[in-house]
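Undergrad: Input start-v9.cif, format and content: mmCIF, N, CA and C atoms.
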```cif
data_coords
#
loop_
_atom_site.label_atom_id
_atom_site.label_comp_id
_atom_site.auth_asym_id
_atom_site.auth_seq_id
_atom_site.Cartn_x
_atom_site.Cartn_y
_atom_site.Cartn_z
N MET U 1 -11.85 -1.29 36.34
CA MET U 1 -11.96 -1.08 34.92
C MET U 1 -13.11 -0.14 34.58
N GLN U 2 -14.19 -0.25 35.31
CA GLN U 2 -15.36 0.57 35.03
C GLN U 2 -15.03 2.06 35.12
N HIS U 3 -14.22 2.46 36.11
CA HIS U 3 -13.86 3.87 36.26
C HIS U 3 -13.04 4.34 35.07
N HIS U 4 -12.17 3.46 34.53
CA HIS U 4 -11.36 3.84 33.39
C HIS U 4 -12.24 4.11 32.17
N VAL U 5 -13.28 3.34 32.01
CA VAL U 5 -14.20 3.56 30.89
C VAL U 5 -14.89 4.91 31.05
N LEU U 6 -15.34 5.21 32.28
CA LEU U 6 -15.97 6.51 32.53
C LEU U 6 -15.02 7.65 32.23
N LEU U 7 -13.77 7.53 32.68
CA LEU U 7 -12.80 8.58 32.41
C LEU U 7 -12.55 8.71 30.92
N ALA U 8 -12.45 7.59 30.24
CA ALA U 8 -12.16 7.63 28.81
C ALA U 8 -13.26 8.34 28.05
N LEU U 9 -14.48 8.23 28.51
CA LEU U 9 -15.59 8.89 27.83
C LEU U 9 -15.57 10.40 28.04
N GLN U 10 -14.91 10.87 29.07
CA GLN U 10 -14.93 12.29 29.41
C GLN U 10 -13.68 13.04 28.98
N LEU U 11 -12.62 12.33 28.63
CA LEU U 11 -11.35 12.98 28.33
C LEU U 11 -10.86 12.60 26.95
N PRO U 12 -10.10 13.51 26.28
CA PRO U 12 -9.45 13.12 25.04
C PRO U 12 -8.42 12.02 25.35
N LEU U 13 -8.15 11.16 24.40
CA LEU U 13 -7.28 10.01 24.62
C LEU U 13 -5.91 10.38 25.21
N PRO U 14 -5.20 11.40 24.71
CA PRO U 14 -3.90 11.72 25.31
C PRO U 14 -4.01 12.12 26.78
N ALA U 15 -5.06 12.86 27.13
CA ALA U 15 -5.24 13.27 28.53
C ALA U 15 -5.55 12.05 29.39
N PHE U 16 -6.38 11.14 28.89
CA PHE U 16 -6.72 9.93 29.63
C PHE U 16 -5.46 9.08 29.83
N ALA U 17 -4.66 8.92 28.79
CA ALA U 17 -3.43 8.14 28.89
C ALA U 17 -2.47 8.79 29.89
N ALA U 18 -2.42 10.12 29.90
CA ALA U 18 -1.55 10.82 30.85
C ALA U 18 -2.00 10.57 32.28
N LEU U 19 -3.31 10.57 32.50
CA LEU U 19 -3.83 10.31 33.84
C LEU U 19 -3.46 8.92 34.31
N LEU U 20 -3.46 7.96 33.41
CA LEU U 20 -3.10 6.60 33.77
C LEU U 20 -1.59 6.42 33.91
N GLY U 21 -0.83 7.44 33.60
CA GLY U 21 0.62 7.35 33.71
C GLY U 21 1.27 6.74 32.49
N LEU U 22 0.52 6.56 31.42
CA LEU U 22 1.07 5.97 30.21
C LEU U 22 1.84 6.99 29.38
N LEU U 23 1.51 8.25 29.54
CA LEU U 23 2.18 9.34 28.85
C LEU U 23 2.47 10.44 29.86
N PRO U 24 3.48 11.26 29.62
CA PRO U 24 3.67 12.40 30.52
C PRO U 24 2.52 13.38 30.37
N LEU U 25 2.32 14.20 31.39
CA LEU U 25 1.29 15.23 31.27
C LEU U 25 1.61 16.11 30.07
N PRO U 26 0.61 16.49 29.31
CA PRO U 26 0.87 17.33 28.14
C PRO U 26 1.46 18.68 28.55
N ILE U 27 2.32 19.20 27.70
CA ILE U 27 2.91 20.51 27.96
C ILE U 27 1.90 21.56 27.51
N VAL U 28 1.56 22.46 28.43
CA VAL U 28 0.61 23.52 28.12
C VAL U 28 1.18 24.84 28.63
N ALA U 29 0.62 25.94 28.11
CA ALA U 29 1.04 27.26 28.56
C ALA U 29 0.74 27.41 30.04
N GLU U 30 1.54 28.22 30.72
CA GLU U 30 1.42 28.39 32.18
C GLU U 30 0.02 28.84 32.60
N ASP U 31 -0.57 29.80 31.88
CA ASP U 31 -1.91 30.26 32.26
C ASP U 31 -2.97 29.19 32.02
N GLU U 32 -2.78 28.39 30.97
CA GLU U 32 -3.71 27.29 30.72
C GLU U 32 -3.57 26.21 31.79
N LEU U 33 -2.34 25.93 32.19
CA LEU U 33 -2.10 24.96 33.26
C LEU U 33 -2.75 25.44 34.55
N SER U 34 -2.59 26.70 34.86
CA SER U 34 -3.18 27.26 36.07
C SER U 34 -4.70 27.10 36.06
N SER U 35 -5.32 27.36 34.92
CA SER U 35 -6.78 27.22 34.87
C SER U 35 -7.18 25.75 34.95
N GLN U 36 -6.38 24.84 34.37
CA GLN U 36 -6.68 23.41 34.47
C GLN U 36 -6.56 22.92 35.90
N LEU U 37 -5.53 23.39 36.60
CA LEU U 37 -5.34 22.98 37.99
C LEU U 37 -6.45 23.54 38.88
N SER U 38 -6.84 24.77 38.62
CA SER U 38 -7.93 25.37 39.37
C SER U 38 -9.23 24.60 39.15
N ALA U 39 -9.49 24.22 37.91
CA ALA U 39 -10.69 23.43 37.61
C ALA U 39 -10.62 22.06 38.28
N ALA U 40 -9.43 21.46 38.29
CA ALA U 40 -9.27 20.15 38.92
C ALA U 40 -9.51 20.24 40.42
N VAL U 41 -9.01 21.31 41.06
CA VAL U 41 -9.26 21.49 42.49
C VAL U 41 -10.75 21.61 42.75
N HIS U 42 -11.43 22.35 41.91
CA HIS U 42 -12.88 22.49 42.05
C HIS U 42 -13.57 21.12 41.92
N GLN U 43 -13.05 20.27 41.03
CA GLN U 43 -13.64 18.95 40.82
C GLN U 43 -13.37 17.98 41.97
N LEU U 44 -12.47 18.32 42.88
CA LEU U 44 -12.24 17.46 44.04
C LEU U 44 -13.51 17.30 44.87
N GLY U 45 -14.40 18.27 44.76
CA GLY U 45 -15.66 18.21 45.49
C GLY U 45 -16.86 17.86 44.62
N ASP U 46 -16.60 17.42 43.41
CA ASP U 46 -17.68 17.10 42.48
C ASP U 46 -18.53 15.94 43.00
N ARG U 47 -19.79 15.93 42.67
CA ARG U 47 -20.71 14.86 43.10
C ARG U 47 -20.35 13.54 42.42
N ASN U 48 -19.72 13.61 41.25
CA ASN U 48 -19.37 12.43 40.47
C ASN U 48 -18.02 11.87 40.95
N PHE U 49 -18.03 10.62 41.42
CA PHE U 49 -16.81 10.00 41.96
C PHE U 49 -15.69 9.96 40.92
N ALA U 50 -16.01 9.60 39.69
CA ALA U 50 -14.99 9.49 38.65
C ALA U 50 -14.31 10.84 38.41
N ARG U 51 -15.08 11.92 38.45
CA ARG U 51 -14.48 13.25 38.28
C ARG U 51 -13.56 13.59 39.45
N ARG U 52 -14.00 13.26 40.67
CA ARG U 52 -13.13 13.50 41.84
C ARG U 52 -11.83 12.72 41.73
N GLU U 53 -11.94 11.47 41.31
CA GLU U 53 -10.76 10.64 41.17
C GLU U 53 -9.82 11.14 40.08
N SER U 54 -10.36 11.49 38.91
CA SER U 54 -9.50 11.97 37.83
C SER U 54 -8.85 13.30 38.20
N ALA U 55 -9.56 14.14 38.92
CA ALA U 55 -8.97 15.40 39.38
C ALA U 55 -7.84 15.12 40.36
N SER U 56 -8.03 14.17 41.25
CA SER U 56 -6.99 13.80 42.21
C SER U 56 -5.74 13.30 41.50
N VAL U 57 -5.92 12.47 40.49
CA VAL U 57 -4.78 11.94 39.74
C VAL U 57 -4.06 13.07 39.01
N LEU U 58 -4.81 13.93 38.35
CA LEU U 58 -4.19 15.05 37.63
C LEU U 58 -3.38 15.93 38.57
N LEU U 59 -3.95 16.28 39.71
CA LEU U 59 -3.25 17.14 40.67
C LEU U 59 -2.03 16.44 41.26
N SER U 60 -2.14 15.15 41.52
CA SER U 60 -1.00 14.39 42.04
C SER U 60 0.14 14.38 41.03
N ARG U 61 -0.20 14.18 39.77
CA ARG U 61 0.82 14.13 38.72
C ARG U 61 1.42 15.51 38.45
N ALA U 62 0.65 16.56 38.70
CA ALA U 62 1.17 17.92 38.49
C ALA U 62 2.20 18.28 39.56
N GLY U 63 2.11 17.62 40.72
CA GLY U 63 3.11 17.81 41.77
C GLY U 63 3.22 19.23 42.26
N ARG U 64 4.43 19.73 42.24
CA ARG U 64 4.75 21.05 42.78
C ARG U 64 3.91 22.17 42.15
N LYS U 65 3.60 22.04 40.88
CA LYS U 65 2.84 23.08 40.19
C LYS U 65 1.44 23.24 40.76
N ALA U 66 0.91 22.18 41.36
CA ALA U 66 -0.45 22.22 41.90
C ALA U 66 -0.49 22.70 43.35
N LEU U 67 0.65 22.81 44.01
CA LEU U 67 0.66 23.10 45.45
C LEU U 67 -0.05 24.40 45.84
N PRO U 68 0.14 25.53 45.14
CA PRO U 68 -0.58 26.74 45.57
C PRO U 68 -2.10 26.56 45.58
N GLU U 69 -2.62 25.91 44.54
CA GLU U 69 -4.07 25.65 44.48
C GLU U 69 -4.48 24.67 45.58
N LEU U 70 -3.65 23.67 45.85
CA LEU U 70 -3.97 22.68 46.87
C LEU U 70 -3.97 23.27 48.27
N ILE U 71 -3.05 24.20 48.54
CA ILE U 71 -3.03 24.86 49.85
C ILE U 71 -4.33 25.62 50.07
N LEU U 72 -4.79 26.32 49.05
CA LEU U 72 -6.08 27.01 49.16
C LEU U 72 -7.21 26.01 49.39
N ALA U 73 -7.16 24.89 48.69
CA ALA U 73 -8.20 23.88 48.81
C ALA U 73 -8.24 23.24 50.19
N VAL U 74 -7.08 23.09 50.81
CA VAL U 74 -7.03 22.49 52.14
C VAL U 74 -7.74 23.38 53.16
N ASN U 75 -7.80 24.64 52.89
CA ASN U 75 -8.50 25.56 53.79
C ASN U 75 -9.95 25.80 53.36
N SER U 76 -10.44 24.95 52.45
CA SER U 76 -11.81 25.05 51.95
C SER U 76 -12.81 24.65 53.03
N GLY U 77 -14.03 25.10 52.86
CA GLY U 77 -15.10 24.71 53.76
C GLY U 77 -15.65 23.33 53.45
N ASP U 78 -15.30 22.77 52.29
CA ASP U 78 -15.79 21.46 51.87
C ASP U 78 -14.84 20.38 52.38
N ALA U 79 -15.34 19.51 53.25
CA ALA U 79 -14.51 18.47 53.88
C ALA U 79 -13.90 17.52 52.85
N GLU U 80 -14.64 17.18 51.80
CA GLU U 80 -14.12 16.27 50.76
C GLU U 80 -12.94 16.92 50.04
N VAL U 81 -13.08 18.19 49.70
CA VAL U 81 -12.01 18.91 49.02
C VAL U 81 -10.80 19.01 49.95
N ARG U 82 -11.04 19.36 51.20
CA ARG U 82 -9.94 19.46 52.18
C ARG U 82 -9.17 18.16 52.29
N GLU U 83 -9.89 17.06 52.45
CA GLU U 83 -9.26 15.75 52.63
C GLU U 83 -8.45 15.34 51.41
N ARG U 84 -9.04 15.48 50.24
CA ARG U 84 -8.34 15.09 49.02
C ARG U 84 -7.11 15.98 48.77
N ALA U 85 -7.26 17.28 48.97
CA ALA U 85 -6.14 18.20 48.74
C ALA U 85 -5.00 17.89 49.69
N PHE U 86 -5.31 17.65 50.97
CA PHE U 86 -4.26 17.32 51.94
C PHE U 86 -3.57 16.02 51.56
N ALA U 87 -4.35 15.02 51.17
CA ALA U 87 -3.77 13.73 50.78
C ALA U 87 -2.84 13.88 49.58
N ILE U 88 -3.18 14.75 48.65
CA ILE U 88 -2.32 14.97 47.47
C ILE U 88 -1.02 15.64 47.88
N ILE U 89 -1.10 16.63 48.76
CA ILE U 89 0.13 17.29 49.23
C ILE U 89 1.02 16.27 49.94
N GLU U 90 0.42 15.43 50.79
CA GLU U 90 1.19 14.37 51.46
C GLU U 90 1.83 13.43 50.44
N TYR U 91 1.07 13.06 49.44
CA TYR U 91 1.57 12.16 48.41
C TYR U 91 2.77 12.76 47.69
N VAL U 92 2.67 14.02 47.32
CA VAL U 92 3.78 14.69 46.63
C VAL U 92 5.01 14.75 47.55
N ALA U 93 4.79 15.05 48.82
CA ALA U 93 5.90 15.12 49.77
C ALA U 93 6.57 13.75 49.94
N ARG U 94 5.77 12.71 49.93
CA ARG U 94 6.27 11.36 50.19
C ARG U 94 6.90 10.70 48.97
N THR U 95 6.46 11.04 47.78
CA THR U 95 6.87 10.28 46.59
C THR U 95 7.81 11.03 45.65
N THR U 96 8.16 12.26 45.96
CA THR U 96 9.05 13.00 45.08
C THR U 96 10.36 13.32 45.79
N ARG U 97 11.29 13.83 45.03
CA ARG U 97 12.60 14.21 45.58
C ARG U 97 12.92 15.64 45.14
N GLY U 98 13.97 16.16 45.73
CA GLY U 98 14.47 17.46 45.32
C GLY U 98 13.51 18.60 45.57
N GLU U 99 13.43 19.50 44.58
CA GLU U 99 12.61 20.70 44.72
C GLU U 99 11.13 20.40 44.95
N HIS U 100 10.64 19.32 44.34
CA HIS U 100 9.23 18.96 44.50
C HIS U 100 8.94 18.56 45.95
N ALA U 101 9.80 17.74 46.52
CA ALA U 101 9.61 17.31 47.91
C ALA U 101 9.76 18.48 48.87
N ILE U 102 10.73 19.35 48.62
CA ILE U 102 10.93 20.53 49.46
C ILE U 102 9.69 21.42 49.42
N ALA U 103 9.18 21.66 48.22
CA ALA U 103 7.98 22.51 48.07
C ALA U 103 6.77 21.89 48.78
N ALA U 104 6.61 20.57 48.66
CA ALA U 104 5.48 19.91 49.32
C ALA U 104 5.63 19.96 50.83
N ASN U 105 6.84 19.78 51.34
CA ASN U 105 7.06 19.88 52.78
C ASN U 105 6.87 21.31 53.28
N ASP U 106 7.25 22.28 52.47
CA ASP U 106 6.97 23.69 52.81
C ASP U 106 5.47 23.94 52.87
N ALA U 107 4.74 23.33 51.93
CA ALA U 107 3.28 23.47 51.93
C ALA U 107 2.70 22.88 53.21
N LEU U 108 3.18 21.71 53.62
CA LEU U 108 2.71 21.10 54.87
C LEU U 108 3.03 21.99 56.06
N THR U 109 4.22 22.58 56.07
CA THR U 109 4.61 23.48 57.16
C THR U 109 3.67 24.67 57.22
N SER U 110 3.28 25.19 56.06
CA SER U 110 2.37 26.34 56.05
C SER U 110 0.99 25.97 56.59
N LEU U 111 0.64 24.71 56.51
CA LEU U 111 -0.68 24.27 56.97
C LEU U 111 -0.76 24.05 58.48
N VAL U 112 0.37 24.11 59.17
CA VAL U 112 0.36 23.99 60.62
C VAL U 112 -0.50 25.08 61.23
N GLY U 113 -0.56 26.23 60.59
CA GLY U 113 -1.36 27.35 61.09
C GLY U 113 -2.77 27.40 60.52
N SER U 114 -3.24 26.31 59.92
CA SER U 114 -4.57 26.29 59.31
C SER U 114 -5.66 26.59 60.32
N GLU U 115 -6.71 27.22 59.84
CA GLU U 115 -7.87 27.50 60.70
C GLU U 115 -8.67 26.23 61.01
N HIS U 116 -8.43 25.19 60.25
CA HIS U 116 -9.08 23.90 60.49
C HIS U 116 -8.17 23.08 61.41
N ALA U 117 -8.63 22.83 62.62
CA ALA U 117 -7.81 22.16 63.63
C ALA U 117 -7.28 20.81 63.15
N GLU U 118 -8.11 20.05 62.47
CA GLU U 118 -7.68 18.73 62.00
C GLU U 118 -6.58 18.84 60.95
N VAL U 119 -6.67 19.82 60.08
CA VAL U 119 -5.63 20.04 59.07
C VAL U 119 -4.32 20.41 59.77
N ALA U 120 -4.39 21.33 60.71
CA ALA U 120 -3.19 21.75 61.44
C ALA U 120 -2.57 20.57 62.19
N ARG U 121 -3.40 19.74 62.83
CA ARG U 121 -2.91 18.59 63.58
C ARG U 121 -2.22 17.60 62.64
N ARG U 122 -2.86 17.31 61.51
CA ARG U 122 -2.26 16.37 60.55
C ARG U 122 -0.97 16.91 59.96
N ALA U 123 -0.92 18.21 59.71
CA ALA U 123 0.31 18.81 59.17
C ALA U 123 1.45 18.68 60.18
N ARG U 124 1.14 18.94 61.45
CA ARG U 124 2.18 18.80 62.50
C ARG U 124 2.68 17.36 62.58
N LEU U 125 1.77 16.40 62.52
CA LEU U 125 2.15 14.99 62.56
C LEU U 125 3.00 14.60 61.37
N ARG U 126 2.63 15.08 60.20
CA ARG U 126 3.37 14.74 58.97
C ARG U 126 4.77 15.33 58.99
N ILE U 127 4.89 16.54 59.52
CA ILE U 127 6.21 17.18 59.59
C ILE U 127 7.10 16.47 60.59
N ALA U 128 6.50 15.95 61.66
CA ALA U 128 7.26 15.27 62.71
C ALA U 128 7.82 13.93 62.23
N ASP U 129 7.24 13.38 61.15
CA ASP U 129 7.72 12.07 60.63
C ASP U 129 9.12 12.13 60.12
#
```
Please express what this file holds, its structure, as structure tokens.

TA:
Amino acid sequence: MQHHVLLALQLPLPAFAALLGLLPLPIVAEDELSSQLSAAVHQLGDRNFARRESASVLLSRAGRKALPELILAVNSGDAEVRERAFAIIEYVARTTRGEHAIAANDALTSLVGSEHAEVARRARLRIAD
């Protein structure tokens, strides 16, 4: 509950409700969405746990639309960002169907060639499942 209070203090009510899954993500212009997703990826490495968590939720809910930013994040030098971004791609691949699942699995396939050995290993294991 404490984390929800922290999130509520930082976000407008509709955005907070969307993060909790109570409302669909708000419809925004494509360029605004892109900048929001980019900011959320940056927040995956934030020092504040609540910001990292809310960014993870937002990116997970964005699904396929967040994949290009997440692929870049998985190749980041920041281990926290890498781990969270990879986990979100896995989540999207595991919990969606159709075009979203295909796009997430394609993202995992592209990560087999990652410069980070652990990312490449995990991508190969995930694809083999």

Undergrad: Which distance in Å separates atom N of Leu37 (chain U) and CA of Ala103 (chain U), to one decimal?

TA: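 For atom N of Leu37 (chain U) relative to CA of Ala103 (chain U), the distance reads 17.7 Å.
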
Undergrad: Specify the axis-aligned box that encloses all atoms of region 41-49 of chain U listed in the file after padding of 5 Å on each side, stating its centre and edge lengths in Å to one decimal as lines of an AutoDock Vina configuration file.

TA:
```
center_x = -14.9
center_y = 16.2
center_z = 43.0
size_x = 21.7
size_y = 22.5
size_z = 15.0
```

Undergrad: Quick one: distance from CA of Val81 (chain U) to CA of Arg121 (chain U) in Å, one decimal?

TA: 17.2 Å

Undergrad: Return the single residue from U:Asn75, U:Ala104, U:Glu53, U:Asp46 that is closest to Ile88 (chain U), with distances computed using all atoms listed in the file.

TA: U:Ala104

Undergrad: Can you list, as a CSV table (one decimal) with N, CA and C atoms, keeping the file's coordinate frame, every protein, DNA or RNA residue that comes within 7 Å of Ile89 (chain U) when you count all atoms listed in the file, leaving out same-chain residues fewer than 5 positions away?

TA:
```csv
chain,number,residue,atom,x,y,z
U,67,LEU,N,0.6,22.8,44.0
U,67,LEU,CA,0.7,23.1,45.4
U,67,LEU,C,0.0,24.4,45.8
U,70,LEU,N,-3.6,23.7,45.8
U,70,LEU,CA,-4.0,22.7,46.9
U,70,LEU,C,-4.0,23.3,48.3
U,84,ARG,N,-9.0,15.5,50.2
U,84,ARG,CA,-8.3,15.1,49.0
U,84,ARG,C,-7.1,16.0,48.8
U,94,ARG,N,5.8,12.7,49.9
U,94,ARG,CA,6.3,11.4,50.2
U,94,ARG,C,6.9,10.7,49.0
U,104,ALA,N,6.6,20.6,48.7
U,104,ALA,CA,5.5,19.9,49.3
U,104,ALA,C,5.6,20.0,50.8
U,105,ASN,N,6.8,19.8,51.3
U,105,ASN,CA,7.1,19.9,52.8
U,105,ASN,C,6.9,21.3,53.3
U,108,LEU,N,3.2,21.7,53.6
U,108,LEU,CA,2.7,21.1,54.9
U,108,LEU,C,3.0,22.0,56.1
```

Undergrad: So, with only N, CA and C atoms as the atoms that count, which of U:Ala87, U:Ala40, U:Leu33, U:Ala79 lies closest to Lys65 (chain U)?

TA: U:Leu33

Undergrad: Kindly complete region 39-50 of chain U to all heavy atoms; the output should be written as a PDB file, keeping the file's coordinate frame.

TA:
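Everything below was put into part-v1.pdb:
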```
ATOM      1  N   ALA U  39      -9.490  24.220  37.910  1.00  0.00           N
ATOM      2  CA  ALA U  39     -10.690  23.430  37.610  1.00  0.00           C
ATOM      3  C   ALA U  39     -10.620  22.060  38.280  1.00  0.00           C
ATOM      4  O   ALA U  39     -11.616  21.568  38.810  1.00  0.00           O
ATOM      5  CB  ALA U  39     -10.844  23.274  36.095  1.00  0.00           C
ATOM      6  N   ALA U  40      -9.430  21.460  38.290  1.00  0.00           N
ATOM      7  CA  ALA U  40      -9.270  20.150  38.920  1.00  0.00           C
ATOM      8  C   ALA U  40      -9.510  20.240  40.420  1.00  0.00           C
ATOM      9  O   ALA U  40     -10.148  19.369  41.014  1.00  0.00           O
ATOM     10  CB  ALA U  40      -7.881  19.594  38.624  1.00  0.00           C
ATOM     11  N   VAL U  41      -9.010  21.310  41.060  1.00  0.00           N
ATOM     12  CA  VAL U  41      -9.260  21.490  42.490  1.00  0.00           C
ATOM     13  C   VAL U  41     -10.750  21.610  42.750  1.00  0.00           C
ATOM     14  O   VAL U  41     -11.281  21.004  43.684  1.00  0.00           O
ATOM     15  CB  VAL U  41      -8.489  22.712  43.046  1.00  0.00           C
ATOM     16  CG1 VAL U  41      -9.001  23.118  44.411  1.00  0.00           C
ATOM     17  CG2 VAL U  41      -6.999  22.409  43.104  1.00  0.00           C
ATOM     18  N   HIS U  42     -11.430  22.350  41.910  1.00  0.00           N
ATOM     19  CA  HIS U  42     -12.880  22.490  42.050  1.00  0.00           C
ATOM     20  C   HIS U  42     -13.570  21.120  41.920  1.00  0.00           C
ATOM     21  O   HIS U  42     -14.522  20.825  42.646  1.00  0.00           O
ATOM     22  CB  HIS U  42     -13.427  23.470  41.009  1.00  0.00           C
ATOM     23  CG  HIS U  42     -14.887  23.697  41.095  1.00  0.00           C
ATOM     24  ND1 HIS U  42     -15.469  24.409  42.114  1.00  0.00           N
ATOM     25  CD2 HIS U  42     -15.894  23.262  40.305  1.00  0.00           C
ATOM     26  CE1 HIS U  42     -16.777  24.409  41.951  1.00  0.00           C
ATOM     27  NE2 HIS U  42     -17.064  23.724  40.858  1.00  0.00           N
ATOM     28  N   GLN U  43     -13.050  20.270  41.030  1.00  0.00           N
ATOM     29  CA  GLN U  43     -13.640  18.950  40.820  1.00  0.00           C
ATOM     30  C   GLN U  43     -13.370  17.980  41.970  1.00  0.00           C
ATOM     31  O   GLN U  43     -14.002  16.930  42.037  1.00  0.00           O
ATOM     32  CB  GLN U  43     -13.137  18.351  39.506  1.00  0.00           C
ATOM     33  CG  GLN U  43     -13.736  19.028  38.300  1.00  0.00           C
ATOM     34  CD  GLN U  43     -13.249  18.429  37.001  1.00  0.00           C
ATOM     35  OE1 GLN U  43     -12.222  17.764  36.953  1.00  0.00           O
ATOM     36  NE2 GLN U  43     -13.982  18.681  35.935  1.00  0.00           N
ATOM     37  N   LEU U  44     -12.470  18.320  42.880  1.00  0.00           N
ATOM     38  CA  LEU U  44     -12.240  17.460  44.040  1.00  0.00           C
ATOM     39  C   LEU U  44     -13.510  17.300  44.870  1.00  0.00           C
ATOM     40  O   LEU U  44     -13.665  16.318  45.592  1.00  0.00           O
ATOM     41  CB  LEU U  44     -11.110  18.014  44.927  1.00  0.00           C
ATOM     42  CG  LEU U  44      -9.705  17.983  44.346  1.00  0.00           C
ATOM     43  CD1 LEU U  44      -8.732  18.652  45.317  1.00  0.00           C
ATOM     44  CD2 LEU U  44      -9.268  16.567  44.016  1.00  0.00           C
ATOM     45  N   GLY U  45     -14.400  18.270  44.760  1.00  0.00           N
ATOM     46  CA  GLY U  45     -15.660  18.210  45.490  1.00  0.00           C
ATOM     47  C   GLY U  45     -16.860  17.860  44.620  1.00  0.00           C
ATOM     48  O   GLY U  45     -17.994  17.988  45.058  1.00  0.00           O
ATOM     49  N   ASP U  46     -16.600  17.420  43.410  1.00  0.00           N
ATOM     50  CA  ASP U  46     -17.680  17.100  42.480  1.00  0.00           C
ATOM     51  C   ASP U  46     -18.530  15.940  43.000  1.00  0.00           C
ATOM     52  O   ASP U  46     -18.036  15.062  43.711  1.00  0.00           O
ATOM     53  CB  ASP U  46     -17.085  16.712  41.115  1.00  0.00           C
ATOM     54  CG  ASP U  46     -18.098  16.766  39.997  1.00  0.00           C
ATOM     55  OD1 ASP U  46     -18.897  15.817  39.867  1.00  0.00           O
ATOM     56  OD2 ASP U  46     -18.094  17.772  39.263  1.00  0.00           O
ATOM     57  N   ARG U  47     -19.790  15.930  42.670  1.00  0.00           N
ATOM     58  CA  ARG U  47     -20.710  14.860  43.100  1.00  0.00           C
ATOM     59  C   ARG U  47     -20.350  13.540  42.420  1.00  0.00           C
ATOM     60  O   ARG U  47     -20.633  12.471  42.936  1.00  0.00           O
ATOM     61  CB  ARG U  47     -22.140  15.225  42.758  1.00  0.00           C
ATOM     62  CG  ARG U  47     -22.605  16.446  43.535  1.00  0.00           C
ATOM     63  CD  ARG U  47     -23.995  16.806  43.161  1.00  0.00           C
ATOM     64  NE  ARG U  47     -24.891  15.927  43.947  1.00  0.00           N
ATOM     65  CZ  ARG U  47     -26.182  16.064  44.010  1.00  0.00           C
ATOM     66  NH1 ARG U  47     -26.761  17.017  43.319  1.00  0.00           N
ATOM     67  NH2 ARG U  47     -26.900  15.260  44.735  1.00  0.00           N
ATOM     68  N   ASN U  48     -19.720  13.610  41.250  1.00  0.00           N
ATOM     69  CA  ASN U  48     -19.370  12.430  40.470  1.00  0.00           C
ATOM     70  C   ASN U  48     -18.020  11.870  40.950  1.00  0.00           C
ATOM     71  O   ASN U  48     -16.996  12.553  40.855  1.00  0.00           O
ATOM     72  CB  ASN U  48     -19.319  12.804  38.992  1.00  0.00           C
ATOM     73  CG  ASN U  48     -18.999  11.650  38.092  1.00  0.00           C
ATOM     74  OD1 ASN U  48     -17.919  11.084  38.169  1.00  0.00           O
ATOM     75  ND2 ASN U  48     -19.927  11.315  37.227  1.00  0.00           N
ATOM     76  N   PHE U  49     -18.030  10.620  41.420  1.00  0.00           N
ATOM     77  CA  PHE U  49     -16.810  10.000  41.960  1.00  0.00           C
ATOM     78  C   PHE U  49     -15.690   9.960  40.920  1.00  0.00           C
ATOM     79  O   PHE U  49     -14.529  10.246  41.230  1.00  0.00           O
ATOM     80  CB  PHE U  49     -17.123   8.591  42.460  1.00  0.00           C
ATOM     81  CG  PHE U  49     -15.911   7.863  42.957  1.00  0.00           C
ATOM     82  CD1 PHE U  49     -15.376   8.154  44.207  1.00  0.00           C
ATOM     83  CD2 PHE U  49     -15.306   6.889  42.184  1.00  0.00           C
ATOM     84  CE1 PHE U  49     -14.247   7.495  44.671  1.00  0.00           C
ATOM     85  CE2 PHE U  49     -14.177   6.222  42.644  1.00  0.00           C
ATOM     86  CZ  PHE U  49     -13.655   6.523  43.884  1.00  0.00           C
ATOM     87  N   ALA U  50     -16.010   9.600  39.690  1.00  0.00           N
ATOM     88  CA  ALA U  50     -14.990   9.490  38.650  1.00  0.00           C
ATOM     89  C   ALA U  50     -14.310  10.840  38.410  1.00  0.00           C
ATOM     90  O   ALA U  50     -13.100  10.896  38.189  1.00  0.00           O
ATOM     91  CB  ALA U  50     -15.604   8.963  37.353  1.00  0.00           C
TER      92      ALA U  50
END
```
